[in-house]
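*Asks:* The following block contains the structure, expressed as structure tokens.
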Amino acid sequence: MRRNIPSSASLLAFEAAARHGNFARAAEELSLTEGAISRQIARLESLLKCKLFDRTGSRVKLNPVGARYARHVGETLERLDRDTQYITGMPEGNRSLELAALPTFASRWLIPRLSSFRKQHPDITLNIAARIDPFILTGSGFDAAVHFDHPAWAGMRMDFLFKENLVPVCHPELLTDTNLSSQLNELPRIHRRQNPEAWYSYACESGIVLDNPAQGVRYDLHEMAIAAALAGDGVALVPWMYVEKDLSSGALAAPWPKSVVLSKSFCLVKPVETGINDAALQAFEQWLRAEITDSGQ
């Protein structure tokens, strides 16, 4: 069936007029006459069989239908512009992968290792976007996601990668007491907002008494909690894999035991159906698993 899609000229004219709230300014931006803008919008309204602007004399204002359509058209044109610029900048013969990943995993573990991937696969461009929550992979524009195991991924292929275990860390200068259990109870606690019970669970598992496990500041990301710990603001319960370099360099200290109970399974989430980027995705997965093995995860 033939798609009922407006012309790009009509959409550009409408988007500019909606954004400016004025046909004259839209015409100036697009180097057209005001009459040309008006005709393009009239064609669009004819195609849609509804009015998009309320007209009072020479003045125009988006009506509710037009405002909603303008939002969707603006998002579509912006996405099309980004995709066009991206394709224009790709070397000939280059393949690309669109990967979604948890923000701290991407910035603290994955990206610092990508030079190795680029050396092995110089013809593959890996683009990474941060996603905190699971989402519907089909139709999202992503080829795969590195994320924690979750029922929301039902219907997708989930291949286990590693376990993420938490450990309390702090700036070494905060460790002034030889009684580490007592010190952990006294230090300000740093929480991750999405896991408010973590410190309580850690106290139960480790046997370390914490008078008020829920006390302390809360941040959305492990990256934020790590930054706070590096700044000496308190003790954060974060994944060991994200702070290995900081612990090795002495920037952070972890004198308390790792948690075994507080862990999540990370998976590579992929569509069930094969796609045009399967070979590139397979190359990335092989490299990723080798890096996980080498890092001892």
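Residues are named by chain letter and number: chains run A, B, ... in the order of the structure tokens, numbers start at 1 in each chain, and ligands are numbered from 1 in the order shown.
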Do you know which residues are at most 12 Å from A:Ser182 counting only C-alpha atoms, after dropping those on the same chain fewer than 2 positions away, and could you put them as JSON, numbers by chain?
*Replies:* {"A": [175, 176, 177, 178, 179, 180, 184, 185, 186, 187, 207, 208, 209, 210, 211, 256]}
*Asks:* Given the selection you just returned, output its residues as a file containing N, CA, C and O atoms, formatted as a CSV table (one decimal), in the first residue's frame.
*Replies:*
```csv
chain,number,residue,atom,x,y,z
A,175,LEU,N,39.8,6.7,56.4
A,175,LEU,CA,40.0,5.5,57.3
A,175,LEU,C,40.9,5.9,58.4
A,175,LEU,O,42.2,5.7,58.3
A,176,THR,N,40.4,6.4,59.5
A,176,THR,CA,41.2,6.8,60.6
A,176,THR,C,41.1,5.9,61.8
A,176,THR,O,41.8,6.1,62.8
A,177,ASP,N,40.2,4.9,61.7
A,177,ASP,CA,39.9,4.1,62.9
A,177,ASP,C,40.3,2.6,62.5
A,177,ASP,O,40.1,2.2,61.4
A,178,THR,N,41.0,2.0,63.4
A,178,THR,CA,41.4,0.6,63.2
A,178,THR,C,40.2,-0.4,63.2
A,178,THR,O,40.3,-1.5,62.6
A,179,ASN,N,39.2,0.0,63.9
A,179,ASN,CA,38.0,-0.8,63.9
A,179,ASN,C,37.1,-0.5,62.7
A,179,ASN,O,36.3,0.4,62.6
A,180,LEU,N,37.3,-1.3,61.6
A,180,LEU,CA,36.7,-1.0,60.3
A,180,LEU,C,35.2,-1.1,60.4
A,180,LEU,O,34.5,-0.4,59.7
A,184,LEU,N,32.7,1.9,59.4
A,184,LEU,CA,31.7,1.9,58.3
A,184,LEU,C,30.4,2.4,58.9
A,184,LEU,O,29.6,3.0,58.1
A,185,ASN,N,30.1,2.1,60.1
A,185,ASN,CA,28.8,2.6,60.8
A,185,ASN,C,28.8,4.1,60.9
A,185,ASN,O,27.8,4.8,60.8
A,186,GLU,N,30.0,4.7,61.1
A,186,GLU,CA,30.1,6.1,61.4
A,186,GLU,C,30.2,7.0,60.1
A,186,GLU,O,29.8,8.2,60.2
A,187,LEU,N,30.8,6.4,59.1
A,187,LEU,CA,31.0,7.2,57.9
A,187,LEU,C,29.6,7.6,57.2
A,187,LEU,O,28.7,6.8,57.3
A,207,GLY,N,27.2,-8.8,58.5
A,207,GLY,CA,27.1,-8.8,60.0
A,207,GLY,C,27.6,-7.6,60.6
A,207,GLY,O,27.8,-7.5,61.8
A,208,ILE,N,27.9,-6.6,59.8
A,208,ILE,CA,28.4,-5.3,60.3
A,208,ILE,C,27.2,-4.4,60.7
A,208,ILE,O,26.2,-4.3,60.0
A,209,VAL,N,27.2,-4.0,61.9
A,209,VAL,CA,26.0,-3.2,62.5
A,209,VAL,C,26.0,-1.8,61.9
A,209,VAL,O,27.0,-1.1,62.1
A,210,LEU,N,24.9,-1.4,61.3
A,210,LEU,CA,24.7,-0.1,60.8
A,210,LEU,C,23.5,0.5,61.5
A,210,LEU,O,22.4,-0.1,61.3
A,211,ASP,N,23.7,1.5,62.3
A,211,ASP,CA,22.6,2.0,63.1
A,211,ASP,C,21.4,2.5,62.3
A,211,ASP,O,20.2,2.3,62.7
A,256,TRP,N,36.5,-3.4,53.3
A,256,TRP,CA,35.3,-4.2,53.8
A,256,TRP,C,35.1,-5.3,52.7
A,256,TRP,O,35.5,-5.2,51.6
```
*Asks:* Where in stretch 28-183 of chain A does DSSP assign alpha helix (DSSP H), given as a PyMOL selection string?
*Replies:* chain A and resi 28-30+34-48+64-88+103-105+114-120+180-183
*Asks:* From a DSSP pass on the backbone, collect the residues of stretch 74-145 of chain A flagged as strand (DSSP E) and hand them back as a list in words.
*Replies:*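 So, restricting stretch 74-145 of chain A to strand (DSSP E), we get Arg95, Ser96, Leu97, Glu98, Leu99, Ala100, Ala101, Ile124, Thr125, Leu126, Asn127, Ile128, Ala129, Ala130, Ala144 and Ala145 of chain A.
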*Asks:* Any chance you can output those residues with C-alpha atoms as a compact mmCIF listing (two decimals), in the first residue's frame?
*Replies:*
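In the end it all went to part_21.txt:
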```txt
# COMPACT_ATOMS: atom_id res chain seq x y z
CA ARG A 95 29.80 -0.97 9.20
CA SER A 96 28.14 0.41 12.30
CA LEU A 97 26.52 -0.86 15.48
CA GLU A 98 24.06 0.98 17.69
CA LEU A 99 24.46 -0.20 21.29
CA ALA A 100 22.48 0.75 24.38
CA ALA A 101 24.27 0.36 27.72
CA ILE A 124 33.09 -1.17 12.55
CA THR A 125 31.87 2.05 14.11
CA LEU A 126 30.35 1.43 17.55
CA ASN A 127 27.88 4.07 18.70
CA ILE A 128 26.78 3.92 22.35
CA ALA A 129 23.75 5.48 24.02
CA ALA A 130 23.00 5.42 27.75
CA ALA A 144 21.74 -4.71 20.99
CA ALA A 145 21.94 -3.66 24.62
```
*Asks:* Residues near A:Phe160, anyone? I mean within 10 Å using only C-alpha atoms, not counting same-chain ones fewer than 3 positions away, as a PyMOL selection string.
*Replies:* chain A and resi 146-149+157+163+265-269+289
*Asks:* Please compute the atom CA of A:Ala225-atom CA of A:Gly296 distance, one decimal, in Å.
*Replies:*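 About the pair atom CA of A:Ala225 and atom CA of A:Gly296: they are 23.3 Å apart.
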*Asks:* When you count only C-alpha atoms, which of these residues is closest to A:Ala13: A:Ala254, A:Val73, A:Val65, A:Leu47?
*Replies:* A:Val73
*Asks:* Work out how far apart atom CA of A:Glu273 and atom CA of A:Gln286 are and give it in Å to one decimal.
*Replies:*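 Distance between the two atoms: 19.1 Å.
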*Asks:* Which residues come within 12 Å of stretch 15-22 of chain A, counting only C-alpha atoms, excluding same-chain residues fewer than 6 positions away, as a count of residues only?
*Replies:* 39
*Asks:* Residues at most 8 Å from stretch 216-221 of chain A, counting only C-alpha atoms, excluding those fewer than 3 positions away in the same chain, as a PyMOL selection string?
*Replies:* chain A and resi 103-104+188-194+224-225
*Asks:* Rounded to one decimal, what separation in Å do you get between atom CA of A:Phe105 and atom CA of A:Met241?
*Replies:*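 That distance, rounded to one decimal, is 8.8 Å.
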